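Here's the structure we're looking at; comments come further down.
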Amino acid sequence: MDIKQLRYFIALAEELQVTSAAYRLHMSQPPLSQQLKLMEEELGVSLFIRSGRYLELTAPGRTLYEHALTITRLLEEAKEEVKESGLGVRGKLSIGINTLSDERLPGVLSAFRMLYPKVTFKIQQNETITLTRLIKDKALDLAIVRLPINLEEFDHVILGAEPLFFVTGTGSENEEHEAITYDYIAEHPLVLPSTEGLGLYHLILDQFHSRGLSPSIIGECSDIGMLVELVASGFGASILPRTSVNRYQNHRIRVFPIEGPDVTSSSAIIWLKQHYLSKAAQKLIELIAERPIT
């Protein structure tokens with residue numbers, strides 16, 4: 001017995017007449033009568049009592065009718081959910097964010113949820129190198145990471161660039177400086193974001209090395225909240241992109257622009273090349289990319 005036969009049976013049970021049911025189903029009477037006979041033979045019971053041109057449901061018939069309604073309703077719901085999922089209005093998105101990730105994400109997710117309330121999220125924060133591995137393992141749909149990184153295995157959308165700032169505790173002695181040079185920064189003990197070999201860390205080191213400077217790096221910290229607390233306590237100074245500075249500007253820190261050629265830090269949304277990207281993920285990427293960096 002298949003779904004088509006169940007639809008035939010529902011029409012017969014509701015019309016209680018082969019002629020009316022056949023008309024409703026846009027088919028002729030003989031095939032419909034044949035399908036009913038096949039169903040009764042398969043089940044080994046009579047589904048209707050025949051009285052002339054009219055039908056009456058038997059007890060087994062009423063039981064089947066209830067199940068047939070449930071089965072066809074569930075099938076229709078499943079079809080609608082699949083269609084909605086394909087349109088990006090239902091499903092679950094797994095998103096990775098770096099500790100220095102784009103500050104637009106919370107606002108974008110709120111806007112996205114208003115448009116597609118049936119989409120749920122799993123959000124994981126980690127270092128860029130871990131996020132790229134999770135995407136390769138297909139544990140994440142997409143991730144927002146800091147550049148530069150090797151993008152050969154990923155499709156991506158660049159989200160824009162932002163300047164770097166020198167950050168110290170409020171008790172530091174450099175309050176008279178309107179802007180800070182890398183020569184001046186090199187004299188201070190530094191706690192740098194992320195770990196060696198990752199994009200932002202390498203970008204910062206390049207600024208010193210290109211000037212023939214050797215910075216005094218006393219530590220690295222991938223948790224930016226903890227890094228800011230270390231800076232605020234006087235443990236050391238740091239260099240951070242604008243999004244991090246904006247997020248933690250009330251954490252007892254002082255922020256200074258850096259003199260010289262404009263050095264910027266970029267972020268990007270990445271996902272695995274030659275791998276299906278859901279409509280929901282595509283729509284989220286569009287929303288993030290449409291919002292300018294403030």
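Residues are named by chain letter and number: chains run A, B, ... in the order of the structure tokens, numbers start at 1 in each chain, and ligands are numbered from 1 in the order shown.
The list of residues with at least one atom within 6 Å of segment 102-119 of chain A, based on only C-alpha atoms and without residues fewer than 4 positions apart in the same chain, reads Val89, Arg90, Gly91, Lys92 and Thr243 of chain A.
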Distance query Lys4 of chain A at most 12 Å, only C-alpha atoms, self and fewer than 6 positions along chain excluded, as a ChimeraX atom specification: /A:10-11,25,32,35-36,39,68,71-72,75
Expected file contents, prior selection, N, CA and C atoms, as a PDB file, in the first residue's frame:
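Writing done, so here's again_35.pdb:
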```pdb
ATOM      1  N   ILE A  10      -8.838   7.989   1.235  1.00  0.00           N
ATOM      2  CA  ILE A  10      -9.377   9.152   1.937  1.00  0.00           C
ATOM      3  C   ILE A  10     -10.541   9.759   1.149  1.00  0.00           C
ATOM      4  N   ALA A  11     -10.368   9.871  -0.165  1.00  0.00           N
ATOM      5  CA  ALA A  11     -11.451  10.420  -0.996  1.00  0.00           C
ATOM      6  C   ALA A  11     -12.698   9.546  -0.904  1.00  0.00           C
ATOM      7  N   LEU A  25     -10.925  12.935  -7.611  1.00  0.00           N
ATOM      8  CA  LEU A  25      -9.545  12.538  -7.899  1.00  0.00           C
ATOM      9  C   LEU A  25      -9.167  12.703  -9.366  1.00  0.00           C
ATOM     10  N   LEU A  32     -10.361   3.224  -9.798  1.00  0.00           N
ATOM     11  CA  LEU A  32     -10.510   3.512  -8.373  1.00  0.00           C
ATOM     12  C   LEU A  32     -11.074   2.305  -7.646  1.00  0.00           C
ATOM     13  N   GLN A  35      -8.307  -0.219  -7.246  1.00  0.00           N
ATOM     14  CA  GLN A  35      -7.365   0.112  -6.182  1.00  0.00           C
ATOM     15  C   GLN A  35      -7.945  -0.224  -4.807  1.00  0.00           C
ATOM     16  N   LEU A  36      -9.226   0.027  -4.619  1.00  0.00           N
ATOM     17  CA  LEU A  36      -9.867  -0.315  -3.346  1.00  0.00           C
ATOM     18  C   LEU A  36      -9.841  -1.828  -3.127  1.00  0.00           C
ATOM     19  N   MET A  39      -6.353  -2.896  -2.030  1.00  0.00           N
ATOM     20  CA  MET A  39      -6.081  -2.538  -0.645  1.00  0.00           C
ATOM     21  C   MET A  39      -6.745  -3.526   0.312  1.00  0.00           C
ATOM     22  N   ALA A  68      -4.530   7.191   7.748  1.00  0.00           N
ATOM     23  CA  ALA A  68      -4.273   7.772   6.426  1.00  0.00           C
ATOM     24  C   ALA A  68      -4.212   9.290   6.497  1.00  0.00           C
ATOM     25  N   ILE A  71      -0.816  10.160   8.126  1.00  0.00           N
ATOM     26  CA  ILE A  71       0.314   9.904   7.228  1.00  0.00           C
ATOM     27  C   ILE A  71       0.399  10.957   6.134  1.00  0.00           C
ATOM     28  N   THR A  72      -0.730  11.271   5.520  1.00  0.00           N
ATOM     29  CA  THR A  72      -0.706  12.258   4.438  1.00  0.00           C
ATOM     30  C   THR A  72      -0.398  13.660   4.971  1.00  0.00           C
ATOM     31  N   LEU A  75       3.309  13.818   5.574  1.00  0.00           N
ATOM     32  CA  LEU A  75       4.011  13.912   4.301  1.00  0.00           C
ATOM     33  C   LEU A  75       3.967  15.329   3.754  1.00  0.00           C
TER      34      LEU A  75
END
```
Spatial neighbours of Leu205 of chain A, max dist 10 Å, only C-alpha atoms, sep filter under 3 positions, as a short mmCIF file (atom, residue, chain, number, x, y, z; two decimals) with C-alpha atoms, in the first residue's frame:
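Below you can see part_28.cif, which holds the result:
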```cif
data_model
loop_
_atom_site.label_atom_id
_atom_site.label_comp_id
_atom_site.auth_asym_id
_atom_site.auth_seq_id
_atom_site.Cartn_x
_atom_site.Cartn_y
_atom_site.Cartn_z
CA LEU A 192 49.52 39.94 21.15
CA GLU A 196 52.11 32.53 16.11
CA LEU A 200 46.68 38.95 12.65
CA TYR A 201 49.66 37.91 14.76
CA HIS A 202 51.81 37.66 11.63
CA PHE A 208 57.88 45.74 13.27
CA HIS A 209 60.18 43.67 11.07
CA SER A 210 59.63 45.91 8.03
CA LEU A 213 62.36 46.64 14.96
CA SER A 214 62.25 43.76 17.44
CA PRO A 215 59.15 44.00 19.63
CA ILE A 217 56.49 40.13 23.18
#
```
Contacts of Leu47 of chain A at 9 Å (only C-alpha atoms; same-chain gap of 6+ positions) as an MDAnalysis selection string: chainID A and resid 36 39:40 56:62 64
Write a file of the just-selected residues containing N, CA and C atoms, as a PDB file, in the first residue's frame.
```
ATOM      1  N   LEU A  36      -9.226   0.027  -4.619  1.00  0.00           N
ATOM      2  CA  LEU A  36      -9.867  -0.315  -3.346  1.00  0.00           C
ATOM      3  C   LEU A  36      -9.841  -1.828  -3.127  1.00  0.00           C
ATOM      4  N   MET A  39      -6.353  -2.896  -2.030  1.00  0.00           N
ATOM      5  CA  MET A  39      -6.081  -2.538  -0.645  1.00  0.00           C
ATOM      6  C   MET A  39      -6.745  -3.526   0.312  1.00  0.00           C
ATOM      7  N   GLU A  40      -7.967  -3.864   0.056  1.00  0.00           N
ATOM      8  CA  GLU A  40      -8.678  -4.802   0.934  1.00  0.00           C
ATOM      9  C   GLU A  40      -8.040  -6.180   0.898  1.00  0.00           C
ATOM     10  N   GLU A  56     -20.180   2.632   3.227  1.00  0.00           N
ATOM     11  CA  GLU A  56     -20.150   2.930   4.654  1.00  0.00           C
ATOM     12  C   GLU A  56     -18.874   2.328   5.230  1.00  0.00           C
ATOM     13  N   LEU A  57     -18.124   3.135   5.993  1.00  0.00           N
ATOM     14  CA  LEU A  57     -16.857   2.659   6.563  1.00  0.00           C
ATOM     15  C   LEU A  57     -17.100   1.566   7.591  1.00  0.00           C
ATOM     16  N   THR A  58     -16.281   0.523   7.495  1.00  0.00           N
ATOM     17  CA  THR A  58     -16.277  -0.498   8.540  1.00  0.00           C
ATOM     18  C   THR A  58     -15.372  -0.031   9.682  1.00  0.00           C
ATOM     19  N   ALA A  59     -15.339  -0.794  10.777  1.00  0.00           N
ATOM     20  CA  ALA A  59     -14.431  -0.439  11.886  1.00  0.00           C
ATOM     21  C   ALA A  59     -12.980  -0.414  11.425  1.00  0.00           C
ATOM     22  N   PRO A  60     -12.514  -1.446  10.674  1.00  0.00           N
ATOM     23  CA  PRO A  60     -11.147  -1.360  10.139  1.00  0.00           C
ATOM     24  C   PRO A  60     -10.966  -0.173   9.206  1.00  0.00           C
ATOM     25  N   GLY A  61     -12.047   0.149   8.462  1.00  0.00           N
ATOM     26  CA  GLY A  61     -11.979   1.290   7.549  1.00  0.00           C
ATOM     27  C   GLY A  61     -11.787   2.600   8.299  1.00  0.00           C
ATOM     28  N   ARG A  62     -12.516   2.750   9.426  1.00  0.00           N
ATOM     29  CA  ARG A  62     -12.369   3.977  10.217  1.00  0.00           C
ATOM     30  C   ARG A  62     -10.962   4.085  10.805  1.00  0.00           C
ATOM     31  N   LEU A  64      -8.188   2.815   9.492  1.00  0.00           N
ATOM     32  CA  LEU A  64      -7.291   3.173   8.400  1.00  0.00           C
ATOM     33  C   LEU A  64      -7.445   4.641   8.022  1.00  0.00           C
TER      34      LEU A  64
END
```
All residues 12 Å or closer to Leu134 of chain A, only C-alpha atoms, same chain fewer than 3 positions away omitted, as a ChimeraX atom specification: /A:94-97,124-131,137-143,270-272
Let's have the selection written as a PDB file, in the first residue's frame, with C-alpha atoms.
```pdb
ATOM      1  CA  SER A  94      26.492  26.082  12.459  1.00  0.00           C
ATOM      2  CA  ILE A  95      28.650  29.198  12.553  1.00  0.00           C
ATOM      3  CA  GLY A  96      32.218  29.630  13.722  1.00  0.00           C
ATOM      4  CA  ILE A  97      33.544  32.958  14.938  1.00  0.00           C
ATOM      5  CA  GLN A 124      31.119  28.299  18.218  1.00  0.00           C
ATOM      6  CA  GLN A 125      34.004  30.589  19.103  1.00  0.00           C
ATOM      7  CA  ASN A 126      37.561  29.449  18.520  1.00  0.00           C
ATOM      8  CA  GLU A 127      40.889  30.315  16.952  1.00  0.00           C
ATOM      9  CA  THR A 128      41.028  30.690  13.197  1.00  0.00           C
ATOM     10  CA  ILE A 129      43.126  27.552  12.675  1.00  0.00           C
ATOM     11  CA  THR A 130      40.549  25.468  14.565  1.00  0.00           C
ATOM     12  CA  LEU A 131      37.636  27.031  12.688  1.00  0.00           C
ATOM     13  CA  ASP A 137      35.490  18.392   8.685  1.00  0.00           C
ATOM     14  CA  LYS A 138      32.024  19.763   7.778  1.00  0.00           C
ATOM     15  CA  ALA A 139      31.265  20.423  11.432  1.00  0.00           C
ATOM     16  CA  LEU A 140      30.632  24.096  10.577  1.00  0.00           C
ATOM     17  CA  ASP A 141      28.685  25.584   7.672  1.00  0.00           C
ATOM     18  CA  LEU A 142      30.701  28.803   7.641  1.00  0.00           C
ATOM     19  CA  ALA A 143      32.991  30.893   9.794  1.00  0.00           C
ATOM     20  CA  ILE A 270      34.646  31.389   4.613  1.00  0.00           C
ATOM     21  CA  TRP A 271      33.058  28.075   3.671  1.00  0.00           C
ATOM     22  CA  LEU A 272      34.296  24.880   2.062  1.00  0.00           C
TER      23      LEU A 272
END
```
DSSP on the backbone, helix (DSSP H, G or I) only: what residues of segment 78-142 of chain A does that give? Format it as a compact mmCIF listing (two decimals) with C-alpha atoms, in the first residue's frame.
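What ended up in part13.txt:
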```txt
# COMPACT_ATOMS: atom_id res chain seq x y z
CA ALA A 78 7.66 17.18 5.43
CA LYS A 79 7.39 18.49 1.86
CA GLU A 80 6.76 22.01 3.09
CA GLU A 81 9.68 21.85 5.50
CA VAL A 82 11.99 20.66 2.74
CA LYS A 83 10.78 23.46 0.47
CA GLU A 84 11.24 26.03 3.22
CA SER A 85 14.69 24.65 3.98
CA GLY A 86 15.62 24.99 0.34
CA LEU A 105 27.35 39.54 13.62
CA PRO A 106 24.99 40.02 16.62
CA GLY A 107 22.97 42.68 14.79
CA VAL A 108 22.88 40.62 11.61
CA LEU A 109 21.68 37.51 13.44
CA SER A 110 18.89 39.51 15.07
CA ALA A 111 17.80 40.86 11.69
CA PHE A 112 18.07 37.40 10.13
CA ARG A 113 15.94 35.86 12.87
CA MET A 114 13.17 38.38 12.23
CA LEU A 115 13.14 37.38 8.57
CA THR A 128 41.03 30.69 13.20
CA ILE A 129 43.13 27.55 12.67
CA THR A 130 40.55 25.47 14.57
CA LEU A 131 37.64 27.03 12.69
CA THR A 132 39.20 26.22 9.32
CA ARG A 133 39.68 22.60 10.41
CA LEU A 134 36.05 22.36 11.56
CA ILE A 135 34.86 23.65 8.19
CA LYS A 136 37.02 21.06 6.41
```
Long-range neighbours of Ser20 of chain A as a VMD selection string, 12 Å cut-off, only C-alpha atoms, 5 positions minimum in chain: chain A and resid 8 11 to 15 25 to 29 32 53 to 55
Keeping N, CA and C atoms for every residue in the selection just given, could you write it to a file as a CSV table (one decimal), in the first residue's frame?
```csv
chain,number,residue,atom,x,y,z
A,8,TYR,N,-6.4,7.8,-2.4
A,8,TYR,CA,-7.7,7.3,-3.0
A,8,TYR,C,-8.7,6.9,-1.9
A,11,ALA,N,-10.4,9.9,-0.2
A,11,ALA,CA,-11.5,10.4,-1.0
A,11,ALA,C,-12.7,9.5,-0.9
A,12,LEU,N,-12.5,8.2,-0.9
A,12,LEU,CA,-13.7,7.3,-0.8
A,12,LEU,C,-14.3,7.4,0.6
A,13,ALA,N,-13.5,7.5,1.6
A,13,ALA,CA,-14.0,7.6,3.0
A,13,ALA,C,-14.8,8.9,3.2
A,14,GLU,N,-14.4,10.0,2.5
A,14,GLU,CA,-15.1,11.2,2.7
A,14,GLU,C,-16.2,11.4,1.8
A,15,GLU,N,-16.2,10.9,0.6
A,15,GLU,CA,-17.3,11.0,-0.3
A,15,GLU,C,-18.3,10.0,-0.2
A,25,LEU,N,-10.9,12.9,-7.6
A,25,LEU,CA,-9.5,12.5,-7.9
A,25,LEU,C,-9.2,12.7,-9.4
A,26,HIS,N,-10.1,13.2,-10.2
A,26,HIS,CA,-9.9,13.3,-11.6
A,26,HIS,C,-9.5,12.0,-12.3
A,27,MET,N,-10.2,11.0,-12.0
A,27,MET,CA,-9.9,9.7,-12.6
A,27,MET,C,-11.3,9.0,-12.8
A,28,SER,N,-11.2,7.9,-13.6
A,28,SER,CA,-12.4,7.2,-13.9
A,28,SER,C,-12.7,6.2,-12.8
A,29,GLN,N,-14.0,5.7,-12.7
A,29,GLN,CA,-14.4,4.8,-11.6
A,29,GLN,C,-13.7,3.4,-11.6
A,32,LEU,N,-10.4,3.2,-9.8
A,32,LEU,CA,-10.5,3.5,-8.4
A,32,LEU,C,-11.1,2.3,-7.6
A,53,ARG,N,-25.1,2.3,-4.5
A,53,ARG,CA,-24.1,3.2,-5.0
A,53,ARG,C,-23.3,3.8,-3.9
A,54,TYR,N,-23.7,3.6,-2.6
A,54,TYR,CA,-23.1,4.2,-1.5
A,54,TYR,C,-22.2,3.3,-0.7
A,55,LEU,N,-21.3,3.9,0.1
A,55,LEU,CA,-20.4,3.2,0.9
A,55,LEU,C,-20.5,3.6,2.3
```
Residues flagged strand (DSSP E) by DSSP in segment 139-269 of chain A, as an MDAnalysis selection string: chainID A and resid 142:146 154:169 189:193 216:221 238:241 253:257 264:269
Best match for closeness to Leu93 of chain A among A:Arg73, A:Lys279, A:Lys273, A:His188, counting only C-alpha atoms: A:Lys279
Test item: residues at most 10 Å from Ala179 of chain A, only C-alpha atoms, excluding those fewer than 4 positions along its chain, as a PyMOL selection string: chain A and resi 165-166+174-175+255-260
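The closest residue to Val191 of chain A, picked from A:Phe154, A:Tyr276, A:Phe9, A:Phe235 and counting only C-alpha atoms, is A:Phe235.
The closest residue to Ala161 of chain A, picked from A:His251, A:Lys122, A:Arg146, A:Lys37 and counting only C-alpha atoms, is A:Arg146.
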